[in-house]
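Asks: What follows is a structure written as structure tokens; I'll ask about it next.
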Amino acid sequence: MVPPINRQNNPNSMSVKRYFKFEKMVCVDLVFDKSTDTIQSVKITGDFFLHPEETIDLIESEIVGTKLEKDLIKKKLESLLSCCELYGFSIDSLSDAIIKCKEADSH
Amino acid sequence: MNMAIDEYLITHITDTPVFRIYGWSNPCVSIGYFQSINDINFQKCKTETVDVVRRITGGGSVFHEKELTYSFVSRKYPPKILDSYQEICQIIVSGLHTLGIDAKFSPLNDITVDGKKVGGNAQTRKNDVLLQHGTILLEVNKEKMFSLLKVPAEKISDKKISDAKYRVSQISKTFDQVAESLKDSLKLVFGCQTVPTTLKQDELESCKKIAKDKYSNPDWTFKR
């Protein structure tokens, strides 16, 4: 499991939560370090389907520390989802969604 | 208890598929495996004494009250997600046709009548066993349903419908009428015999344990 982030102790931590409508709804709750542009935690929720379901926990833990660059996130997701059945979003759309959370913060 | 029975069936299924038909002793909101508990109005559920349970299947939140619920558990199923939904939902579509209802399968996982949703489905696959649960709305109290479930604005606007309530409907048949139609439909769709069965006492005890240890456990309900 991803350890909880103490946002108060890191002045560079930014938290953004956004909903995305792909084939299914996906909500990305992202906490990232603004100074290093790295993911501190991410929660991906929604009414999508993913088999095996437990893969979502793996994604949320393994993606921590990844730099907020689409290609890096996509590569990580591709490796974690290589043996999964997924319906409701694509690897590309989820990578985009995570990046858009970061961009939303800058607007 | 219903979710516990379905989980028990996945781990104890033989080569014979099981189609289980059930209702709910108390109104309940079930939420999908990946959903946040904040996707429903949990406080309102408590106030209205509506149970809340997290499913082992994905998909969206469902308010179970006046409906027929079913689960299909099988070792044999089409590997592609869409194909498997289509094949299993054919049981429902065909059953409703025999009741004079022009039901359609609406990919990925809905059953619709006149373009409105009357049923939803959700699957999981564990150790080469497929579980699909689904619902058929017999009667729906939309005010109550939408006071318990939250529908993100993004979902509504995308479908260009200002009111999510418009997309939900009911089939206005009794539980027994629908149950009988589904039993007949199973024979028709799969060309098989059906054998009515119930859980034995020791099986029920195992289900109760799963219900207590997992589905009544806040760690599971509030997992996300």
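Residues are referred to by chain and number: the chain letter is A, B, ... according to the order shown in the structure tokens, the number counts from 1 in that chain, and ligands are numbered separately from 1 in the order shown.
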For chain A, work out the contacting residues on chain B at 7 Å, counting only C-alpha atoms, and write them as a PDB file with C-alpha atoms, in the first residue's frame.
Replies:
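Printed below is out.pdb as written:
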ATOM      1  CA  GLY B  32     -17.855  -1.278  -7.638  1.00  0.00           C
ATOM      2  CA  PHE B  34     -12.669   0.535  -8.047  1.00  0.00           C
ATOM      3  CA  GLN B  35     -15.085   3.159  -6.834  1.00  0.00           C
ATOM      4  CA  SER B  36     -14.445   5.581  -4.041  1.00  0.00           C
ATOM      5  CA  GLY B  58     -15.887  -3.360 -11.154  1.00  0.00           C
ATOM      6  CA  GLY B  59     -18.566  -1.094 -12.565  1.00  0.00           C
ATOM      7  CA  GLY B  60     -20.703   1.550 -10.924  1.00  0.00           C
ATOM      8  CA  THR B 124     -14.769 -10.454 -12.399  1.00  0.00           C
ATOM      9  CA  ARG B 125     -12.559 -13.373 -13.322  1.00  0.00           C
ATOM     10  CA  GLU B 154     -19.028  14.741 -16.457  1.00  0.00           C
ATOM     11  CA  LYS B 155     -21.013  11.554 -16.945  1.00  0.00           C
TER      12      LYS B 155
END
Asks: Please identify the strand (DSSP E) residues within stretch 11-87 of chain A (assignment by DSSP from backbone atoms) and present them as a PyMOL selection string.
Replies: chain A and resi 13-21+25-33+38-46+49-51+85-87
Asks: Leaving out stretch 67-74 of chain A and any residue of its chain fewer than 3 positions from it, which residues lie within 7 Å of it when counting only C-alpha atoms, given as number ranges by chain?
Replies: A: 37-39, 77-78, 91-92, 95-96, 99
Asks: Within chain A, find each residue whose DSSP state, derived from the backbone, is alpha helix (DSSP H), and express the selection as a ChimeraX atom specification.
Replies: /A:55-62,70-80,91-106
Asks: Quick check, in Å to one decimal: how far apart do atom CA of B:Val189 and atom CA of B:Val93 lie?
Replies: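 We find that atom CA of B:Val189 and atom CA of B:Val93 lie 10.1 Å from each other.
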